[in-house]
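Structure below is query20.cif: mmCIF, C-alpha atoms.
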data_run
#
loop_
_atom_site.label_atom_id
_atom_site.label_comp_id
_atom_site.auth_asym_id
_atom_site.auth_seq_id
_atom_site.Cartn_x
_atom_site.Cartn_y
_atom_site.Cartn_z
CA GLN I 267 146.29 93.85 107.59
CA ALA I 268 144.13 90.84 108.53
CA LYS I 269 141.03 93.04 108.64
CA ARG I 270 141.67 94.29 105.10
CA VAL I 271 142.07 90.71 103.87
CA LEU I 272 138.79 89.71 105.54
CA ARG I 273 137.04 92.73 104.04
CA ALA I 274 138.43 91.89 100.61
CA PHE I 275 137.11 88.33 100.79
CA THR I 276 133.74 89.56 102.08
CA ALA I 277 133.38 91.97 99.16
CA TYR I 278 134.63 89.32 96.73
CA PHE I 279 132.04 86.74 97.78
CA GLN I 280 129.25 89.34 97.90
CA LEU I 281 129.98 90.44 94.35
CA THR I 282 130.62 86.91 93.05
CA ASN I 283 127.31 85.62 94.44
CA LEU I 284 125.51 88.65 93.05
CA ALA I 285 127.05 88.23 89.59
CA GLU I 286 126.18 84.53 89.57
CA LYS I 287 122.54 85.21 90.44
CA CYS I 288 122.28 87.89 87.74
CA TRP I 289 123.89 85.54 85.21
CA GLN I 290 121.46 82.74 86.03
CA ILE I 291 118.51 85.10 85.65
CA SER I 292 119.91 86.26 82.31
CA LEU I 293 120.23 82.66 81.08
CA ILE I 294 116.68 81.86 82.16
CA ARG I 295 115.37 84.90 80.29
CA GLN I 296 117.29 83.87 77.18
CA GLY I 297 115.85 80.37 77.41
CA GLN I 298 119.23 78.72 77.94
CA ILE I 299 118.14 77.41 81.35
CA THR I 300 114.64 76.01 81.67
CA GLN I 301 112.88 75.80 84.98
CA SER I 302 111.60 72.34 85.88
CA LYS I 303 107.86 72.17 85.20
CA LYS I 304 107.43 70.39 88.52
CA GLU I 305 108.50 73.59 90.27
CA THR I 306 105.96 75.91 88.66
CA ILE I 307 102.57 77.08 89.92
CA SER I 308 100.97 76.09 86.61
CA ARG I 309 102.21 72.49 86.98
CA GLY I 310 100.83 72.34 90.52
CA VAL I 311 97.39 73.48 89.38
CA GLU I 312 97.56 71.05 86.45
CA ALA I 313 98.25 68.21 88.89
CA ILE I 314 95.20 69.24 90.93
CA LYS I 315 93.03 69.15 87.81
CA ASP I 316 94.48 65.77 86.80
CA ALA I 317 93.51 64.48 90.26
CA ARG I 318 89.89 65.36 89.32
CA PHE I 319 89.36 68.12 91.86
CA SER I 320 86.34 70.23 90.90
CA SER I 321 86.40 74.04 90.89
CA SER I 322 84.39 74.07 94.12
CA ASP I 323 86.91 71.69 95.69
CA VAL I 324 89.74 73.99 94.65
CA GLN I 325 88.01 77.08 96.05
CA ALA I 326 87.37 75.26 99.33
CA LEU I 327 91.07 74.45 99.47
CA LEU I 328 92.08 78.02 98.66
CA SER I 329 89.74 79.34 101.35
CA HIS I 330 91.69 77.44 104.00
CA LEU I 331 95.17 77.55 102.45
CA GLN I 332 97.63 80.09 103.85
CA VAL I 333 101.28 80.35 102.87
CA ILE I 334 102.79 82.79 105.35
CA LEU I 335 106.31 84.16 104.97
CA VAL I 336 107.57 85.09 108.43
CA LEU I 337 110.31 87.72 108.59
CA THR I 338 112.55 87.70 111.61
CA ALA I 339 115.72 89.45 112.74
CA HIS I 340 118.51 86.92 112.98
CA PRO I 341 120.70 87.65 116.01
CA THR I 342 123.84 87.53 113.86
CA GLU I 343 122.45 89.77 111.10
CA CYS I 344 124.61 92.87 111.06
CA GLN I 345 124.66 93.89 107.39
CA ARG I 346 123.70 97.50 106.89
CA GLN I 347 120.94 98.79 104.63
CA THR I 348 123.60 100.94 102.97
CA ILE I 349 125.40 97.80 101.78
CA LEU I 350 122.16 96.08 100.75
CA ARG I 351 121.19 99.07 98.62
CA LYS I 352 124.63 99.22 96.99
CA LEU I 353 124.40 95.54 96.05
CA GLU I 354 120.89 96.11 94.73
CA ARG I 355 122.10 98.97 92.51
CA ILE I 356 124.99 96.85 91.21
CA ALA I 357 122.54 94.05 90.36
CA ARG I 358 120.34 96.49 88.43
CA MET I 359 123.35 97.81 86.52
CA LEU I 360 124.49 94.28 85.62
CA THR I 361 121.04 93.65 84.16
CA GLU I 362 121.19 96.99 82.34
CA ARG I 363 124.62 96.08 80.95
CA ASP I 364 123.25 92.86 79.45
CA ARG I 365 120.31 94.72 77.96
CA GLU I 366 122.47 97.41 76.32
CA ALA I 367 125.30 95.14 75.19
CA ALA I 368 124.28 95.60 71.54
CA ILE I 369 124.65 99.40 71.75
CA PRO I 370 128.24 100.44 70.97
CA GLY I 371 129.88 102.02 74.00
CA ALA I 372 126.82 101.71 76.26
CA ASP I 373 128.19 98.74 78.18
CA LYS I 374 131.39 100.69 78.95
CA LEU I 375 129.40 103.50 80.55
CA VAL I 376 127.52 100.99 82.71
CA GLU I 377 130.77 99.29 83.68
CA GLU I 378 132.15 102.65 84.86
CA ARG I 379 129.09 103.15 87.07
CA ILE I 380 129.48 99.62 88.44
CA LEU I 381 133.12 100.32 89.25
CA GLU I 382 132.13 103.51 91.05
CA GLU I 383 129.58 101.59 93.15
CA ILE I 384 132.13 98.85 93.95
CA THR I 385 134.63 101.51 95.02
CA ALA I 386 132.03 103.05 97.33
CA LEU I 387 131.25 99.56 98.66
CA TRP I 388 134.93 98.97 99.45
CA GLN I 389 135.19 102.30 101.25
CA SER I 390 132.08 101.67 103.39
CA ASP I 391 131.73 99.91 106.72
CA VAL I 392 130.28 96.52 105.83
CA VAL I 393 128.86 95.69 109.24
CA ARG I 394 127.34 97.71 112.04
CA LEU I 395 129.88 98.94 114.56
CA THR I 396 127.26 99.13 117.30
CA ARG I 397 124.50 96.77 118.40
CA PRO I 398 121.43 97.34 116.19
CA SER I 399 118.41 98.78 117.95
CA VAL I 400 114.94 97.30 117.58
CA GLN I 401 114.10 100.03 115.08
CA ASP I 402 117.27 99.24 113.10
CA GLU I 403 116.05 95.64 112.84
CA VAL I 404 112.58 96.83 111.81
CA LYS I 405 113.98 99.07 109.06
CA ASN I 406 116.24 96.29 107.84
CA THR I 407 113.26 93.93 107.59
CA MET I 408 111.14 96.51 105.81
CA PHE I 409 113.90 96.87 103.22
CA TYR I 410 112.99 93.41 101.88
CA PHE I 411 109.29 94.26 101.93
CA ASP I 412 109.91 97.52 100.09
CA GLN I 413 112.23 96.02 97.48
CA THR I 414 110.68 92.58 96.93
CA LEU I 415 107.60 91.40 98.80
CA PHE I 416 105.26 94.26 97.98
CA ASP I 417 105.48 93.52 94.25
CA LEU I 418 106.17 89.79 94.48
CA ILE I 419 103.02 88.76 96.36
CA PRO I 420 100.54 90.29 93.83
CA SER I 421 102.64 88.86 91.00
CA LEU I 422 102.48 85.33 92.41
CA SER I 423 98.77 85.70 93.12
CA ALA I 424 98.19 86.76 89.49
CA GLU I 425 100.22 83.76 88.29
CA LEU I 426 98.06 81.45 90.41
CA GLU I 427 94.87 83.04 89.04
CA ALA I 428 96.12 82.61 85.46
CA ALA I 429 96.96 78.94 86.06
CA LEU I 430 93.53 78.30 87.58
CA SER I 431 91.79 80.05 84.67
CA GLN I 432 93.69 77.89 82.21
CA GLN I 433 92.71 74.64 83.93
CA TYR I 434 89.17 75.71 84.88
CA PRO I 435 87.92 77.95 82.04
CA GLY I 436 85.00 80.20 82.92
CA GLU I 437 85.47 79.75 86.67
CA THR I 438 86.57 82.50 89.05
CA PHE I 439 88.63 81.95 92.19
CA ASP I 440 89.45 84.06 95.22
CA VAL I 441 93.19 83.72 95.91
CA SER I 442 93.58 86.93 97.90
CA GLY I 443 94.32 85.25 101.22
CA VAL I 444 96.60 82.45 100.07
CA LEU I 445 99.99 84.17 100.15
CA GLN I 446 100.70 86.42 103.14
CA PHE I 447 103.61 87.54 105.21
CA SER I 448 104.17 88.52 108.81
CA SER I 449 107.04 89.62 111.00
CA TRP I 450 108.30 88.96 114.49
CA VAL I 451 110.60 91.97 114.40
CA GLY I 452 109.58 94.64 116.87
CA GLY I 453 106.90 92.47 118.46
CA ASP I 454 108.70 89.35 119.70
CA ARG I 455 108.86 89.34 123.49
CA ASP I 456 111.14 86.28 123.70
CA GLY I 457 114.56 87.21 124.97
CA ASN I 458 114.87 90.80 123.80
CA PRO I 459 114.34 93.21 126.70
CA PHE I 460 114.37 96.17 124.33
CA VAL I 461 111.12 95.10 122.63
CA THR I 462 108.87 97.26 124.77
CA PRO I 463 105.24 98.26 124.13
CA MET I 464 106.51 101.58 122.76
CA ALA I 465 108.96 99.76 120.45
CA THR I 466 106.10 97.66 119.11
CA TYR I 467 103.96 100.76 118.60
CA GLU I 468 106.81 102.39 116.66
CA THR I 469 107.17 99.19 114.62
CA PHE I 470 103.50 99.37 113.60
CA ARG I 471 103.98 103.03 112.66
CA VAL I 472 107.01 102.27 110.45
CA GLN I 473 105.23 99.36 108.75
CA ARG I 474 102.11 101.42 108.18
CA ARG I 475 103.99 104.35 106.65
CA THR I 476 106.01 102.01 104.43
CA VAL I 477 102.86 100.38 103.04
CA ILE I 478 101.11 103.72 102.49
CA ARG I 479 104.14 105.13 100.65
CA LYS I 480 104.20 102.06 98.40
CA TYR I 481 100.51 102.56 97.57
CA LEU I 482 101.11 106.25 96.90
CA ARG I 483 103.86 105.38 94.40
CA LYS I 484 101.58 102.89 92.66
CA LEU I 485 98.77 105.44 92.55
CA GLN I 486 101.10 108.00 91.00
CA GLN I 487 102.08 105.47 88.32
CA LEU I 488 98.39 104.91 87.56
CA ILE I 489 97.74 108.67 87.43
CA ASP I 490 100.64 109.10 84.99
CA SER I 491 99.44 106.30 82.71
CA THR I 492 95.62 106.57 82.90
CA SER I 493 94.80 109.41 80.54
CA SER I 494 91.41 108.24 79.25
CA SER I 495 89.40 111.28 78.16
CA ILE I 496 85.64 111.83 78.21
CA HIS I 497 86.03 112.77 74.54
CA GLN I 498 87.06 109.17 73.82
CA ILE I 499 85.19 107.08 76.42
CA THR I 500 81.91 107.15 78.33
CA PRO I 501 82.64 106.84 82.07
CA THR I 502 79.98 105.70 84.52
CA LYS I 503 77.96 108.25 86.46
CA GLY I 504 79.42 106.92 89.69
CA LEU I 505 82.96 107.52 88.50
CA LEU I 506 82.12 111.03 87.32
CA ALA I 507 80.48 111.88 90.64
CA PHE I 508 83.46 110.60 92.59
CA ALA I 509 85.93 112.44 90.35
CA GLU I 510 84.01 115.70 90.61
CA SER I 511 83.94 115.46 94.41
CA TYR I 512 87.73 115.85 94.47
CA VAL I 513 88.75 119.44 95.18
CA GLY I 514 91.52 119.22 92.60
CA ALA I 515 89.30 117.82 89.85
CA ASN I 516 89.93 120.91 87.73
CA GLN I 517 93.49 119.71 87.23
CA TYR I 518 92.15 116.99 84.93
CA PRO I 519 88.79 118.37 83.71
CA TYR I 520 88.43 115.87 80.85
CA GLU I 521 90.16 112.87 82.47
CA PRO I 522 87.87 111.45 85.17
CA TYR I 523 90.03 108.44 85.95
CA ARG I 524 92.97 110.69 86.75
CA SER I 525 90.75 112.86 88.93
CA ALA I 526 89.38 109.83 90.76
CA LEU I 527 92.85 108.39 91.32
CA SER I 528 94.08 111.79 92.48
CA ALA I 529 91.22 111.88 95.00
CA ILE I 530 92.26 108.49 96.35
CA ARG I 531 95.88 109.64 96.54
CA SER I 532 94.87 112.81 98.38
CA ARG I 533 92.90 110.84 100.96
CA LEU I 534 95.72 108.36 101.43
CA GLU I 535 98.30 111.11 101.92
CA LYS I 536 96.27 112.43 104.85
CA THR I 537 96.64 109.09 106.65
CA LEU I 538 100.45 109.29 106.72
CA ASP I 539 100.48 111.43 109.88
#
Show me, as structure tokens, the structure contained in the file I just sent.
Amino acid sequence: QAKRVLRAFTAYFQLTNLAEKCWQISLIRQGQITQSKKETISRGVEAIKDARFSSSDVQALLSHLQVILVLTAHPTECQRQTILRKLERIARMLTERDREAAIPGADKLVEERILEEITALWQSDVVRLTRPSVQDEVKNTMFYFDQTLFDLIPSLSAELEAALSQQYPGETFDVSGVLQFSSWVGGDRDGNPFVTPMATYETFRVQRRTVIRKYLRKLQQLIDSTSSSIHQITPTKGLLAFAESYVGANQYPYEPYRSALSAIRSRLEKTLD
């Protein structure tokens, strides 16, 4: 009986925290909560400009500045990816419910799906019943990369570029190396006897495949959306030559960008193995 009570409180706090986060995001989007200007990238760049730093000074700073997010496996972390993914789906459905609130009956359908996911959450083992292996820790870490970091880092870099362009019109800046991330998981030799050379090799393999798969998804999105036709645009000779070198170029005979992107995707797919 005590275990059921503990599980009930665990699920309650998981769902309450999730709902609160989604609600705060919703209020921010509606403009009911305003983020302090002091906490924004644009305000930081504005302060640099106010301090009379020149564009060359800023680029020199950016060339040496590194903000590195280090992912590590906490020894008490035992939450399963299954639970993380269920909470992620519930969060998405809460956002969808807010978006479709104006459509009669739509919110009820979403609520039913949320209830189904909560029921599945209640019927699932919340924590691991066995000690996680090194590869379990690696996969758990890559979950956050897959769901958040891969898209977040380019987004923050673009925000920084936009703020710099606003404060220093006509100047260009290289911000590619400012925000990075690394991980100790699968490579840390301190205290974990199971982190062997083979475990580290397998960690690199998992990370590599995860990144390649993310790029393949992005490439497919570009292929789906980039339908520029030679009947409407004049592509460069270099692009046409590259597109025509792809063995599947006949699939998009009048759409060189799609052919070129398909060629890149084909080459990238071959590096998965």
For the interface of segment 404-430 of chain I with segment 352-368 of chain I (cut-off 12 Å, counting only C-alpha atoms), please tabulate each contacting residue of segment 404-430 of chain I alongside its nearest pair of atoms and their separation in Å to one decimal, rows sorted by chain and increasing number, as JSON lines.
{"residue": "I:Phe409", "atom": "CA", "partner": "I:Glu354", "partner_atom": "CA", "distance": 11.0}
{"residue": "I:Tyr410", "atom": "CA", "partner": "I:Glu354", "partner_atom": "CA", "distance": 11.0}
{"residue": "I:Gln413", "atom": "CA", "partner": "I:Glu354", "partner_atom": "CA", "distance": 9.1}
{"residue": "I:Thr414", "atom": "CA", "partner": "I:Glu354", "partner_atom": "CA", "distance": 11.0}
What do you get, as JSON, numbers by chain, if you spell out every residue that the PyMOL selection byres ((chain I and resi 385-389) around 10) selects here? {"I": [270, 273, 274, 276, 277, 348, 349, 350, 352, 353, 379, 380, 381, 382, 383, 384, 390, 391, 392]}
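Coordinates place atom CA of Arg351 of chain I at a distance of 16.4 Å from atom CA of Phe279 of chain I.
Taking atom CA of Lys315 of chain I as the reference point, atom CA of Leu335 of chain I is found at 26.4 Å.
Here the question is which of I:Val472, I:Leu284, I:Leu422, I:Ala465 gets nearest to Val444 of chain I using all atoms listed in the file, and that residue is I:Leu422.
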Name the residues in contact with Val333 of chain I at a cut-off of 8 Å, using only C-alpha atoms, excluding same-chain residues fewer than 5 positions from it; report them as a ChimeraX atom specification. /I:444-447
Those residues with C-alpha atoms, as a CSV table (one decimal), keeping the file's coordinate frame please?
chain,number,residue,atom,x,y,z
I,444,VAL,CA,96.6,82.4,100.1
I,445,LEU,CA,100.0,84.2,100.2
I,446,GLN,CA,100.7,86.4,103.1
I,447,PHE,CA,103.6,87.5,105.2
